[in-house]
$ cat model39.cif   # mmCIF, C-alpha atoms
data_target
#
loop_
_atom_site.label_atom_id
_atom_site.label_comp_id
_atom_site.auth_asym_id
_atom_site.auth_seq_id
_atom_site.Cartn_x
_atom_site.Cartn_y
_atom_site.Cartn_z
CA MET A 1 -172.16 43.87 -1.87
CA ASN A 2 -175.76 45.00 -2.42
CA GLU A 3 -175.41 48.34 -0.65
CA TRP A 4 -175.68 50.14 -3.97
CA LYS A 5 -179.00 48.43 -4.71
CA GLU A 6 -180.32 49.46 -1.30
CA GLN A 7 -179.24 53.02 -2.05
CA LEU A 8 -181.17 52.95 -5.32
CA LYS A 9 -184.18 51.44 -3.58
CA ASN A 10 -184.14 54.32 -1.09
CA GLY A 11 -183.29 57.03 -3.61
CA ILE A 12 -184.81 60.49 -3.43
CA HIS A 13 -187.45 61.03 -6.10
CA THR A 14 -190.18 63.07 -4.39
CA ILE A 15 -190.35 66.56 -2.93
CA GLU A 16 -191.28 65.07 0.45
CA GLN A 17 -188.06 63.05 0.53
CA LEU A 18 -186.00 65.98 -0.67
CA SER A 19 -187.47 68.24 2.04
CA LYS A 20 -185.99 65.94 4.68
CA ILE A 21 -182.50 66.51 3.26
CA ILE A 22 -182.48 70.23 2.42
CA ASN A 23 -184.57 73.20 3.47
CA LEU A 24 -187.01 74.29 0.76
CA SER A 25 -189.46 77.18 0.67
CA ASP A 26 -193.03 76.62 -0.51
CA GLU A 27 -192.20 78.43 -3.75
CA GLU A 28 -189.21 76.16 -4.37
CA LYS A 29 -191.37 73.10 -3.78
CA GLU A 30 -193.92 74.33 -6.30
CA ASP A 31 -191.20 75.04 -8.85
CA ILE A 32 -189.57 71.63 -8.37
CA GLN A 33 -192.93 69.91 -8.84
CA LYS A 34 -193.38 71.68 -12.17
CA VAL A 35 -189.91 70.61 -13.34
CA ILE A 36 -190.12 66.95 -12.31
CA SER A 37 -193.41 66.62 -14.14
CA GLU A 38 -191.35 67.08 -17.32
CA ASN A 39 -187.83 65.87 -16.46
CA ALA A 40 -186.48 62.84 -14.60
CA PHE A 41 -185.54 63.40 -10.96
CA PHE A 42 -183.58 61.02 -8.73
CA ILE A 43 -180.73 61.48 -6.26
CA SER A 44 -178.89 58.69 -4.49
CA PRO A 45 -178.87 59.07 -0.68
CA TYR A 46 -175.07 59.16 -0.81
CA TYR A 47 -174.93 62.10 -3.22
CA ALA A 48 -177.73 63.87 -1.35
CA SER A 49 -175.64 63.64 1.83
CA LEU A 50 -173.05 65.93 0.19
CA MET A 51 -175.54 68.77 -0.26
CA ASP A 52 -175.63 71.80 2.03
CA LYS A 53 -179.13 71.88 3.47
CA ASP A 54 -179.34 75.67 3.69
CA ASN A 55 -177.20 76.99 0.85
CA LYS A 56 -179.18 77.28 -2.39
CA ASN A 57 -175.90 77.83 -4.24
CA CYS A 58 -174.22 74.69 -2.93
CA PRO A 59 -172.36 73.25 -5.97
CA ILE A 60 -173.66 69.75 -5.25
CA ARG A 61 -177.22 71.00 -4.86
CA LEU A 62 -177.05 72.95 -8.13
CA GLN A 63 -176.20 69.77 -10.02
CA ALA A 64 -178.86 67.60 -8.39
CA VAL A 65 -181.91 69.67 -7.45
CA PRO A 66 -184.30 70.73 -10.23
CA SER A 67 -184.54 74.43 -11.01
CA ILE A 68 -187.48 76.26 -12.56
CA LYS A 69 -184.93 77.62 -15.07
CA GLU A 70 -185.00 74.18 -16.72
CA ILE A 71 -188.46 74.83 -18.12
CA SER A 72 -188.69 78.63 -18.20
CA GLY A 73 -185.97 79.40 -20.73
CA THR A 74 -186.51 79.83 -24.45
CA TYR A 75 -182.99 79.27 -25.78
CA GLY A 76 -181.24 76.02 -26.61
CA GLU A 77 -181.87 72.74 -28.38
CA LYS A 78 -183.13 69.45 -26.96
CA ASP A 79 -180.48 67.59 -28.95
CA PRO A 80 -177.70 70.14 -29.62
CA LEU A 81 -175.27 67.51 -30.89
CA MET A 82 -177.90 66.17 -33.32
CA GLU A 83 -177.19 62.67 -32.02
CA THR A 84 -180.40 61.36 -33.50
CA ASN A 85 -179.01 62.20 -36.95
CA CYS A 86 -175.91 60.11 -36.23
CA SER A 87 -177.81 57.07 -35.00
CA PRO A 88 -177.89 54.42 -37.75
CA ILE A 89 -179.89 52.11 -35.48
CA PRO A 90 -181.41 52.52 -32.01
CA LEU A 91 -178.88 52.73 -29.14
CA LEU A 92 -175.85 53.55 -31.32
CA ILE A 93 -174.31 56.95 -32.10
CA HIS A 94 -171.71 56.74 -34.86
CA VAL A 95 -169.95 60.10 -35.36
CA TYR A 96 -166.29 59.13 -35.70
CA PRO A 97 -165.13 56.48 -38.22
CA ASP A 98 -163.46 54.14 -35.71
CA ARG A 99 -165.72 54.36 -32.65
CA VAL A 100 -169.31 54.32 -31.50
CA ALA A 101 -171.23 55.33 -28.40
CA PHE A 102 -173.45 52.44 -27.29
CA LEU A 103 -176.41 53.58 -25.15
CA VAL A 104 -176.86 50.49 -22.99
CA SER A 105 -178.86 52.08 -20.17
CA ASN A 106 -181.43 54.82 -19.81
CA SER A 107 -181.27 55.41 -16.05
CA CYS A 108 -178.85 56.99 -13.59
CA ALA A 109 -178.12 57.04 -9.86
CA MET A 110 -178.54 60.83 -10.03
CA TYR A 111 -179.99 62.85 -12.89
CA CYS A 112 -177.65 65.76 -13.48
CA ARG A 113 -179.57 68.95 -14.13
CA HIS A 114 -177.09 69.80 -16.91
CA CYS A 115 -177.38 66.38 -18.59
CA LEU A 116 -176.81 66.39 -22.35
CA ARG A 117 -179.32 63.57 -22.88
CA LYS A 118 -182.23 64.90 -20.85
CA TYR A 119 -184.33 64.49 -23.97
CA THR A 120 -183.98 60.69 -23.74
CA VAL A 121 -184.96 60.40 -20.07
CA LYS A 122 -188.35 61.42 -18.74
CA THR A 123 -188.81 58.89 -15.93
CA HIS A 124 -186.47 56.89 -13.73
CA CYS A 125 -185.47 53.27 -14.46
CA GLN A 126 -186.48 52.78 -18.06
CA ASN A 127 -184.71 49.79 -19.60
CA TYR A 128 -183.65 48.95 -23.13
CA SER A 129 -184.66 45.54 -24.44
CA ASN A 130 -182.23 42.69 -25.05
CA GLU A 131 -183.39 42.72 -28.66
CA GLU A 132 -182.29 46.36 -29.10
CA ILE A 133 -178.93 45.60 -27.47
CA CYS A 134 -178.38 42.55 -29.71
CA GLN A 135 -179.18 44.65 -32.78
CA ALA A 136 -176.51 47.18 -31.75
CA ILE A 137 -173.93 44.44 -31.14
CA GLN A 138 -174.70 43.03 -34.58
CA TYR A 139 -174.11 46.45 -36.18
CA ILE A 140 -170.72 46.69 -34.48
CA THR A 141 -169.89 43.16 -35.62
CA GLU A 142 -170.70 44.05 -39.23
CA HIS A 143 -168.55 47.22 -39.26
CA PRO A 144 -164.85 46.27 -38.97
CA SER A 145 -163.78 49.93 -38.89
CA ILE A 146 -165.12 50.14 -35.31
CA ARG A 147 -162.23 49.50 -32.95
CA ASP A 148 -163.44 51.46 -29.89
CA VAL A 149 -166.82 51.12 -28.17
CA LEU A 150 -167.99 53.49 -25.45
CA LEU A 151 -170.72 52.07 -23.21
CA THR A 152 -172.81 54.99 -22.08
CA GLY A 153 -176.41 55.95 -21.51
CA GLY A 154 -177.81 56.84 -18.94
CA ASP A 155 -175.27 55.00 -16.84
CA PRO A 156 -174.06 51.50 -17.79
CA LEU A 157 -173.33 50.62 -14.16
CA MET A 158 -177.04 50.86 -13.35
CA MET A 159 -177.29 47.40 -14.89
CA ASP A 160 -176.78 44.23 -12.87
CA ASP A 161 -173.36 42.64 -13.14
CA ASP A 162 -174.65 39.71 -15.20
CA LYS A 163 -176.18 41.89 -17.91
CA LEU A 164 -173.18 44.19 -18.01
CA GLU A 165 -170.87 41.20 -18.41
CA TRP A 166 -173.05 39.79 -21.18
CA ILE A 167 -172.67 43.01 -23.17
CA ILE A 168 -168.94 43.39 -22.52
CA SER A 169 -168.17 39.75 -23.30
CA SER A 170 -170.17 39.97 -26.52
CA LEU A 171 -168.13 43.00 -27.59
CA ARG A 172 -164.85 41.35 -26.57
CA ASN A 173 -165.69 38.44 -28.88
CA ILE A 174 -165.70 40.81 -31.88
CA PRO A 175 -162.14 40.62 -33.30
CA HIS A 176 -161.92 44.23 -34.47
CA VAL A 177 -163.10 45.77 -31.17
CA GLU A 178 -159.84 46.69 -29.44
CA ILE A 179 -160.97 49.09 -26.73
CA ILE A 180 -164.04 49.04 -24.50
CA ARG A 181 -164.74 52.18 -22.51
CA ILE A 182 -167.38 52.73 -19.85
CA GLY A 183 -168.80 56.19 -19.25
CA THR A 184 -170.20 56.31 -15.72
CA ARG A 185 -170.84 58.93 -13.06
CA MET A 186 -171.61 56.36 -10.38
CA ILE A 187 -168.04 56.56 -9.04
CA CYS A 188 -169.08 60.08 -8.06
CA THR A 189 -172.80 59.73 -7.34
CA LEU A 190 -172.89 56.21 -5.84
CA PRO A 191 -169.36 54.86 -5.20
CA ALA A 192 -170.75 51.79 -3.44
CA ARG A 193 -171.53 50.47 -6.94
CA ILE A 194 -167.83 49.71 -7.40
CA THR A 195 -167.94 46.27 -5.78
CA ASP A 196 -165.29 43.57 -5.74
CA ASN A 197 -167.48 41.46 -8.00
CA LEU A 198 -167.80 44.25 -10.57
CA CYS A 199 -164.04 44.77 -10.60
CA GLN A 200 -163.38 41.05 -11.05
CA ILE A 201 -165.76 41.00 -14.01
CA LEU A 202 -164.19 44.01 -15.69
CA LYS A 203 -160.70 42.65 -15.10
CA LYS A 204 -161.47 39.68 -17.35
CA TYR A 205 -162.06 41.81 -20.44
CA HIS A 206 -159.09 44.15 -20.69
CA PRO A 207 -158.34 46.61 -22.12
CA ILE A 208 -161.17 48.35 -20.24
CA TRP A 209 -161.09 52.10 -19.60
CA ILE A 210 -163.46 54.16 -17.47
CA ASN A 211 -164.39 57.82 -17.91
CA THR A 212 -166.28 59.49 -15.11
CA GLN A 213 -167.44 62.99 -14.14
CA PHE A 214 -166.43 64.99 -11.09
CA ASN A 215 -167.26 68.69 -11.25
CA HIS A 216 -166.32 69.95 -7.81
CA PRO A 217 -163.67 69.06 -5.18
CA LYS A 218 -166.42 68.42 -2.64
CA GLU A 219 -167.39 65.30 -4.61
CA LEU A 220 -164.01 63.65 -3.97
CA THR A 221 -164.69 61.85 -0.69
CA PRO A 222 -163.13 58.91 1.21
CA GLU A 223 -165.85 56.68 -0.28
CA VAL A 224 -164.75 57.72 -3.77
CA SER A 225 -161.11 57.05 -2.93
CA PHE A 226 -162.00 53.51 -1.84
CA ALA A 227 -163.94 52.86 -5.05
CA VAL A 228 -161.18 54.29 -7.24
CA ASN A 229 -158.54 52.14 -5.54
CA ARG A 230 -160.61 49.03 -6.28
CA LEU A 231 -160.78 49.88 -9.96
CA LEU A 232 -157.09 50.73 -10.19
CA GLU A 233 -156.14 47.48 -8.48
CA ALA A 234 -158.13 45.72 -11.21
CA GLY A 235 -155.95 47.50 -13.78
CA ILE A 236 -158.63 49.91 -15.00
CA PRO A 237 -157.43 53.45 -15.82
CA ILE A 238 -159.84 56.26 -14.90
CA GLY A 239 -160.21 59.56 -16.72
CA ASN A 240 -162.36 62.49 -15.67
CA GLN A 241 -164.56 64.61 -17.93
CA SER A 242 -165.76 67.68 -16.08
CA VAL A 243 -168.37 70.09 -17.41
CA LEU A 244 -167.70 73.78 -16.91
CA LEU A 245 -170.78 74.93 -14.99
CA LYS A 246 -171.64 78.44 -13.91
CA GLY A 247 -171.86 78.63 -10.13
CA VAL A 248 -170.35 75.16 -9.69
CA ASN A 249 -166.76 75.19 -10.91
CA ASP A 250 -166.32 78.34 -13.00
CA SER A 251 -163.55 79.84 -10.88
CA ILE A 252 -159.83 79.35 -11.37
CA GLU A 253 -159.31 78.34 -7.75
CA THR A 254 -162.13 75.77 -7.71
CA MET A 255 -160.96 74.18 -10.95
CA LYS A 256 -157.37 74.07 -9.73
CA GLN A 257 -158.46 72.36 -6.50
CA LEU A 258 -160.55 69.91 -8.50
CA VAL A 259 -157.84 68.81 -10.93
CA GLN A 260 -155.18 68.60 -8.21
CA LYS A 261 -157.44 66.49 -6.01
CA LEU A 262 -158.32 64.26 -8.95
CA VAL A 263 -154.64 63.54 -9.56
CA TYR A 264 -154.16 62.89 -5.84
CA PHE A 265 -156.94 60.31 -6.13
CA ARG A 266 -155.14 58.90 -9.22
CA ILE A 267 -157.86 60.01 -11.64
CA ARG A 268 -156.54 61.65 -14.80
CA PRO A 269 -158.16 65.02 -15.66
CA TYR A 270 -159.05 64.37 -19.29
CA TYR A 271 -161.60 66.90 -20.54
CA ILE A 272 -163.34 70.04 -19.40
CA TYR A 273 -166.44 70.33 -21.54
CA GLN A 274 -167.98 73.65 -22.43
CA ALA A 275 -171.63 73.34 -21.37
CA GLN A 276 -173.83 72.77 -24.41
CA THR A 277 -176.54 75.11 -25.65
CA LEU A 278 -179.03 72.58 -24.35
CA TYR A 279 -182.61 73.63 -23.71
CA GLY A 280 -183.18 74.16 -19.99
CA THR A 281 -179.52 74.48 -19.06
CA THR A 282 -178.52 77.93 -20.27
CA HIS A 283 -178.17 79.10 -16.64
CA PHE A 284 -175.11 76.84 -16.44
CA ILE A 285 -173.33 78.20 -19.51
CA THR A 286 -170.18 80.32 -19.08
CA PRO A 287 -168.49 82.36 -21.83
CA ILE A 288 -165.94 80.31 -23.76
CA GLU A 289 -163.40 83.07 -23.16
CA HIS A 290 -163.76 82.47 -19.44
CA GLY A 291 -163.09 78.77 -19.88
CA ILE A 292 -159.95 79.55 -21.88
CA ASP A 293 -158.83 81.89 -19.08
CA ILE A 294 -159.26 79.08 -16.55
CA ILE A 295 -157.10 76.75 -18.63
CA ASN A 296 -154.56 79.53 -19.11
CA ASN A 297 -154.31 79.83 -15.34
CA LEU A 298 -153.77 76.11 -14.84
CA ARG A 299 -150.83 75.80 -17.23
CA GLY A 300 -147.60 76.53 -15.39
CA TYR A 301 -149.40 76.98 -12.08
CA THR A 302 -149.96 73.28 -11.47
CA SER A 303 -148.50 70.00 -12.71
CA GLY A 304 -148.88 69.20 -16.38
CA ILE A 305 -150.72 65.98 -15.51
CA CYS A 306 -153.38 68.16 -13.87
CA GLU A 307 -154.17 70.00 -17.11
CA PRO A 308 -157.28 68.72 -18.94
CA LYS A 309 -158.22 69.58 -22.50
CA TYR A 310 -160.94 72.21 -22.79
CA VAL A 311 -163.31 71.12 -25.56
CA LEU A 312 -166.62 71.94 -27.15
CA ASP A 313 -168.56 68.96 -28.42
CA THR A 314 -170.27 69.63 -31.75
CA PRO A 315 -172.36 67.51 -34.13
CA TYR A 316 -169.12 67.02 -36.09
CA GLY A 317 -166.94 65.98 -33.15
CA LYS A 318 -165.01 67.61 -30.31
CA VAL A 319 -163.18 70.88 -30.95
CA PRO A 320 -160.28 71.91 -28.65
CA LEU A 321 -160.67 75.37 -27.08
CA ASN A 322 -157.31 75.58 -25.36
CA PRO A 323 -155.24 78.80 -25.19
CA THR A 324 -152.82 79.50 -28.03
CA TYR A 325 -149.15 79.64 -27.12
CA SER A 326 -147.86 79.46 -30.67
CA LEU A 327 -147.25 82.88 -32.28
CA GLY A 328 -145.85 81.65 -35.60
CA ARG A 329 -142.64 81.80 -37.62
CA LEU A 330 -140.24 84.74 -37.63
CA GLY A 331 -137.52 84.08 -40.21
CA GLN A 332 -135.58 81.02 -39.06
CA TYR A 333 -137.20 81.07 -35.62
CA TYR A 334 -140.52 79.97 -34.22
CA VAL A 335 -142.03 82.41 -31.72
CA MET A 336 -144.11 81.33 -28.74
CA ARG A 337 -145.25 82.65 -25.40
CA THR A 338 -144.77 80.92 -22.07
CA TYR A 339 -147.40 80.40 -19.38
CA ASP A 340 -146.38 83.70 -17.75
CA ASP A 341 -146.49 85.63 -21.05
CA ARG A 342 -142.76 85.78 -21.74
CA ILE A 343 -141.67 85.39 -25.37
CA TRP A 344 -139.34 82.62 -26.53
CA LYS A 345 -137.79 82.20 -29.99
CA GLU A 346 -136.74 78.70 -30.97
CA TYR A 347 -134.43 78.05 -33.93
CA ASN A 348 -136.64 76.49 -36.58
CA PRO A 349 -134.94 75.81 -39.94
CA LEU A 350 -136.96 75.54 -43.13
CA TYR A 351 -137.03 72.25 -45.07
#
$ encode --input "model39.cif" --output "structure tokens"
Amino acid sequence: MNEWKEQLKNGIHTIEQLSKIINLSDEEKEDIQKVISENAFFISPYYASLMDKDNKNCPIRLQAVPSIKEISGTYGEKDPLMETNCSPIPLLIHVYPDRVAFLVSNSCAMYCRHCLRKYTVKTHCQNYSNEEICQAIQYITEHPSIRDVLLTGGDPLMMDDDKLEWIISSLRNIPHVEIIRIGTRMICTLPARITDNLCQILKKYHPIWINTQFNHPKELTPEVSFAVNRLLEAGIPIGNQSVLLKGVNDSIETMKQLVQKLVYFRIRPYYIYQAQTLYGTTHFITPIEHGIDIINNLRGYTSGICEPKYVLDTPYGKVPLNPTYSLGRLGQYYVMRTYDDRIWKEYNPLY
């Protein structure tokens, strides 16, 4: 039951530890030291075990190991979504009228090098106070338009079960809160966190939904399958929100393998995010046109349930970037193209 805590206790957070897992040149070690002096660095032993020790371009390694590019670039914003402008009180981000993101944790089992909230995390295992959490719960209580609360961070599952249950039960006691969602990557980076006890707790407070992040087929392991089955048996649907990352999953074949394997694991491909213009992550950004091409090559070439929405998150909300199949009206017909570029005219009477 406490395997996940042991993993965190033995997590990789120094160059010496990392050197025992992957082969690093002296120059790479120097570069990593420069980066981790500015940005948080931590990898769970489980996720580290997925890395190729010799391949610098291993898709797992690219997501987990600091790169000098994180501090050598000049382009990008530290807070590209301007979340601080949409934060009426600490720990809450209120962009949409009926939902809020509730930042309940400020630590992770692995700090993704492409993380959108790198600006909030400088060291591992910072904690928010109970007073700050209570203040956020009070705000939600006083705003009846809020029907959907996303617990995020950091990673909410970094908290002990008791504290997580306290927060969830407090939200469930608010009459107008209908949906509670948990945004966590620990299903991917530390699947041992999905314990029987956690599932029994979550089961008590339905409807609970979980969104996670898998970016490469290599991350979908037998350990993940076991964790996912536990959650599904507790009645918790799981959606996946990938980030399109250069060198990681920016090929049609890799993305197709990813979404098909997700569905095989009974995880719904939900979003593919365009990587943000975030300072220190521009080496991950692909052209939007390339992302649209990837989506275009999923439609019709795999099951519809495997097709995620391609979106760009903006300070004003998410914007779909999916291919256009609608070509418009032609007299009493509506013209559209199919996945293989054939044209179809559908009778479409005017009102």
$ resolve_selection --input "model39.cif" --expression "the PyMOL selection byres ((chain A and resi 48) around 9)" --output "list in words"
Ile12, Leu18, Ile21, Ile22, Ile43, Ser44, Pro45, Tyr46, Tyr47, Ser49, Leu50, Met51, Asp52, Ile60, Arg61, Ala64 and Thr189 of chain A
$ residues_around --input "model39.cif" --residues "Lys246 (chain A)" --least-positions-apart "3" --cutoff "10 Å" --atoms "only C-alpha atoms" --output "compact mmCIF listing (two decimals) with C-alpha atoms, in the frame of the given file"
# COMPACT_ATOMS: atom_id res chain seq x y z
CA PRO A 59 -172.36 73.25 -5.97
CA LEU A 62 -177.05 72.95 -8.13
CA VAL A 243 -168.37 70.09 -17.41
CA ASN A 249 -166.76 75.19 -10.91
CA ASP A 250 -166.32 78.34 -13.00
CA SER A 251 -163.55 79.84 -10.88
CA ALA A 275 -171.63 73.34 -21.37
CA THR A 282 -178.52 77.93 -20.27
CA HIS A 283 -178.17 79.10 -16.64
CA PHE A 284 -175.11 76.84 -16.44
CA ILE A 285 -173.33 78.20 -19.51
CA THR A 286 -170.18 80.32 -19.08
CA PRO A 287 -168.49 82.36 -21.83
$ residues_around --input "model39.cif" --residues "region 152-155 of chain A" --least-positions-apart "5" --cutoff "10 Å" --atoms "only C-alpha atoms" --output "PyMOL selection string"
chain A and resi 91-92+101-111+115+117-118+120-121+125-127+181-186+211
$ resolve_selection --input "model39.cif" --expression "the PyMOL selection byres ((chain A and resi 148) around 8)" --output "MDAnalysis selection string"
chainID A and resid 98:100 146:147 149:150 177:181
$ resolve_selection --input "model39.cif" --expression "the PyMOL selection byres ((chain A and resi 323) around 8)" --output "ChimeraX atom specification"
/A:292-293,295-296,321-322,324-325
$ residues_around --input "model39.cif" --residues "Leu298 (chain A)" --least-positions-apart "2" --cutoff "12 Å" --atoms "all atoms listed in the file" --output "mmCIF file with C-alpha atoms, in the coordinates of the input"
data_model
loop_
_atom_site.group_PDB
_atom_site.id
_atom_site.type_symbol
_atom_site.label_atom_id
_atom_site.label_comp_id
_atom_site.auth_asym_id
_atom_site.auth_seq_id
_atom_site.Cartn_x
_atom_site.Cartn_y
_atom_site.Cartn_z
ATOM 1 C CA SER A 251 -163.550 79.840 -10.880
ATOM 2 C CA ILE A 252 -159.830 79.350 -11.370
ATOM 3 C CA GLU A 253 -159.310 78.340 -7.750
ATOM 4 C CA THR A 254 -162.130 75.770 -7.710
ATOM 5 C CA MET A 255 -160.960 74.180 -10.950
ATOM 6 C CA LYS A 256 -157.370 74.070 -9.730
ATOM 7 C CA GLN A 257 -158.460 72.360 -6.500
ATOM 8 C CA LEU A 258 -160.550 69.910 -8.500
ATOM 9 C CA VAL A 259 -157.840 68.810 -10.930
ATOM 10 C CA GLN A 260 -155.180 68.600 -8.210
ATOM 11 C CA PRO A 269 -158.160 65.020 -15.660
ATOM 12 C CA GLY A 291 -163.090 78.770 -19.880
ATOM 13 C CA ILE A 292 -159.950 79.550 -21.880
ATOM 14 C CA ASP A 293 -158.830 81.890 -19.080
ATOM 15 C CA ILE A 294 -159.260 79.080 -16.550
ATOM 16 C CA ILE A 295 -157.100 76.750 -18.630
ATOM 17 C CA ASN A 296 -154.560 79.530 -19.110
ATOM 18 C CA GLY A 300 -147.600 76.530 -15.390
ATOM 19 C CA TYR A 301 -149.400 76.980 -12.080
ATOM 20 C CA THR A 302 -149.960 73.280 -11.470
ATOM 21 C CA SER A 303 -148.500 70.000 -12.710
ATOM 22 C CA GLY A 304 -148.880 69.200 -16.380
ATOM 23 C CA ILE A 305 -150.720 65.980 -15.510
ATOM 24 C CA CYS A 306 -153.380 68.160 -13.870
ATOM 25 C CA GLU A 307 -154.170 70.000 -17.110
ATOM 26 C CA PRO A 308 -157.280 68.720 -18.940
ATOM 27 C CA LYS A 309 -158.220 69.580 -22.500
ATOM 28 C CA TYR A 310 -160.940 72.210 -22.790
ATOM 29 C CA ASN A 322 -157.310 75.580 -25.360
ATOM 30 C CA PRO A 323 -155.240 78.800 -25.190
ATOM 31 C CA TYR A 339 -147.400 80.400 -19.380
ATOM 32 C CA ASP A 340 -146.380 83.700 -17.750
#
$ residues_near_point --input "model39.cif" --point "(-140.9, 85.0, -37.5)" --cutoff "12 Å" --atoms "all atoms listed in the file" --output "CSV table (one decimal) with C-alpha atoms, in the coordinates of the input"
chain,number,residue,atom,x,y,z
A,326,SER,CA,-147.9,79.5,-30.7
A,327,LEU,CA,-147.2,82.9,-32.3
A,328,GLY,CA,-145.8,81.6,-35.6
A,329,ARG,CA,-142.6,81.8,-37.6
A,330,LEU,CA,-140.2,84.7,-37.6
A,331,GLY,CA,-137.5,84.1,-40.2
A,332,GLN,CA,-135.6,81.0,-39.1
A,333,TYR,CA,-137.2,81.1,-35.6
A,334,TYR,CA,-140.5,80.0,-34.2
A,335,VAL,CA,-142.0,82.4,-31.7
A,336,MET,CA,-144.1,81.3,-28.7
A,344,TRP,CA,-139.3,82.6,-26.5
A,345,LYS,CA,-137.8,82.2,-30.0
A,346,GLU,CA,-136.7,78.7,-31.0
A,347,TYR,CA,-134.4,78.0,-33.9
A,348,ASN,CA,-136.6,76.5,-36.6
A,349,PRO,CA,-134.9,75.8,-39.9
A,350,LEU,CA,-137.0,75.5,-43.1
$ atom_distance --input "model39.cif" --atom1 "CA of Thr338 (chain A)" --atom2 "CA of Phe265 (chain A)"
28.8 Å
$ closest_residue --input "model39.cif" --among "A:Asn229, A:Gln241, A:Ser37, A:Ser67" --to "Gln274 (chain A)" --atoms "only C-alpha atoms"
A:Gln241
$ closest_residue --input "model39.cif" --among "A:Thr195, A:Val248, A:Phe214, A:Lys204" --to "Gly235 (chain A)" --atoms "all atoms listed in the file"
A:Lys204
$ atom_distance --input "model39.cif" --atom1 "CA of Lys29 (chain A)" --atom2 "CA of Thr14 (chain A)"
10.1 Å
$ residues_near_point --input "model39.cif" --point "(-186.1, 80.0, -27.0)" --cutoff "12 Å" --atoms "all atoms listed in the file" --output "list of chain:residue names"
A:Glu70, A:Ile71, A:Ser72, A:Gly73, A:Thr74, A:Tyr75, A:Gly76, A:Glu77, A:Lys78, A:Thr277, A:Leu278, A:Tyr279, A:Gly280, A:Thr281, A:Thr282
$ atom_distance --input "model39.cif" --atom1 "CA of Ile168 (chain A)" --atom2 "CA of Cys188 (chain A)"
22.1 Å
$ decode --input "model39.cif" --residues "region 265-276 of chain A" --atoms "N, CA, C and O atoms" --output "PDB file, in the first residue's frame"
ATOM      1  N   PHE A 265      -6.381   0.205 -23.377  1.00  0.00           N
ATOM      2  CA  PHE A 265      -6.289   0.263 -21.917  1.00  0.00           C
ATOM      3  C   PHE A 265      -7.566   0.822 -21.281  1.00  0.00           C
ATOM      4  O   PHE A 265      -7.656   0.933 -20.082  1.00  0.00           O
ATOM      5  N   ARG A 266      -8.533   1.210 -22.121  1.00  0.00           N
ATOM      6  CA  ARG A 266      -9.811   1.787 -21.689  1.00  0.00           C
ATOM      7  C   ARG A 266      -9.642   3.205 -21.128  1.00  0.00           C
ATOM      8  O   ARG A 266     -10.314   3.618 -20.196  1.00  0.00           O
ATOM      9  N   ILE A 267      -8.715   3.944 -21.715  1.00  0.00           N
ATOM     10  CA  ILE A 267      -8.531   5.360 -21.422  1.00  0.00           C
ATOM     11  C   ILE A 267      -8.979   6.137 -22.652  1.00  0.00           C
ATOM     12  O   ILE A 267      -8.514   5.872 -23.761  1.00  0.00           O
ATOM     13  N   ARG A 268      -9.856   7.091 -22.491  1.00  0.00           N
ATOM     14  CA  ARG A 268     -10.412   7.834 -23.619  1.00  0.00           C
ATOM     15  C   ARG A 268      -9.459   8.938 -24.059  1.00  0.00           C
ATOM     16  O   ARG A 268      -9.142   9.841 -23.269  1.00  0.00           O
ATOM     17  N   PRO A 269      -8.944   8.911 -25.295  1.00  0.00           N
ATOM     18  CA  PRO A 269      -8.172  10.056 -25.801  1.00  0.00           C
ATOM     19  C   PRO A 269      -9.085  11.283 -25.864  1.00  0.00           C
ATOM     20  O   PRO A 269     -10.083  11.273 -26.586  1.00  0.00           O
ATOM     21  N   TYR A 270      -8.761  12.302 -25.103  1.00  0.00           N
ATOM     22  CA  TYR A 270      -9.645  13.450 -24.932  1.00  0.00           C
ATOM     23  C   TYR A 270      -9.106  14.670 -25.679  1.00  0.00           C
ATOM     24  O   TYR A 270      -9.744  15.199 -26.581  1.00  0.00           O
ATOM     25  N   TYR A 271      -7.917  15.112 -25.296  1.00  0.00           N
ATOM     26  CA  TYR A 271      -7.283  16.258 -25.945  1.00  0.00           C
ATOM     27  C   TYR A 271      -5.886  15.895 -26.426  1.00  0.00           C
ATOM     28  O   TYR A 271      -5.185  15.071 -25.820  1.00  0.00           O
ATOM     29  N   ILE A 272      -5.464  16.556 -27.504  1.00  0.00           N
ATOM     30  CA  ILE A 272      -4.042  16.762 -27.793  1.00  0.00           C
ATOM     31  C   ILE A 272      -3.832  18.263 -27.703  1.00  0.00           C
ATOM     32  O   ILE A 272      -4.450  19.031 -28.443  1.00  0.00           O
ATOM     33  N   TYR A 273      -2.999  18.679 -26.786  1.00  0.00           N
ATOM     34  CA  TYR A 273      -2.702  20.097 -26.624  1.00  0.00           C
ATOM     35  C   TYR A 273      -1.554  20.520 -27.529  1.00  0.00           C
ATOM     36  O   TYR A 273      -0.530  19.825 -27.604  1.00  0.00           O
ATOM     37  N   GLN A 274      -1.709  21.644 -28.179  1.00  0.00           N
ATOM     38  CA  GLN A 274      -0.567  22.296 -28.806  1.00  0.00           C
ATOM     39  C   GLN A 274       0.326  22.818 -27.684  1.00  0.00           C
ATOM     40  O   GLN A 274      -0.146  23.454 -26.745  1.00  0.00           O
ATOM     41  N   ALA A 275       1.632  22.516 -27.745  1.00  0.00           N
ATOM     42  CA  ALA A 275       2.550  22.996 -26.712  1.00  0.00           C
ATOM     43  C   ALA A 275       2.529  24.522 -26.655  1.00  0.00           C
ATOM     44  O   ALA A 275       2.543  25.194 -27.691  1.00  0.00           O
ATOM     45  N   GLN A 276       2.484  25.049 -25.454  1.00  0.00           N
ATOM     46  CA  GLN A 276       2.382  26.498 -25.261  1.00  0.00           C
ATOM     47  C   GLN A 276       3.699  27.210 -25.589  1.00  0.00           C
ATOM     48  O   GLN A 276       4.775  26.605 -25.554  1.00  0.00           O
TER      49      GLN A 276
END
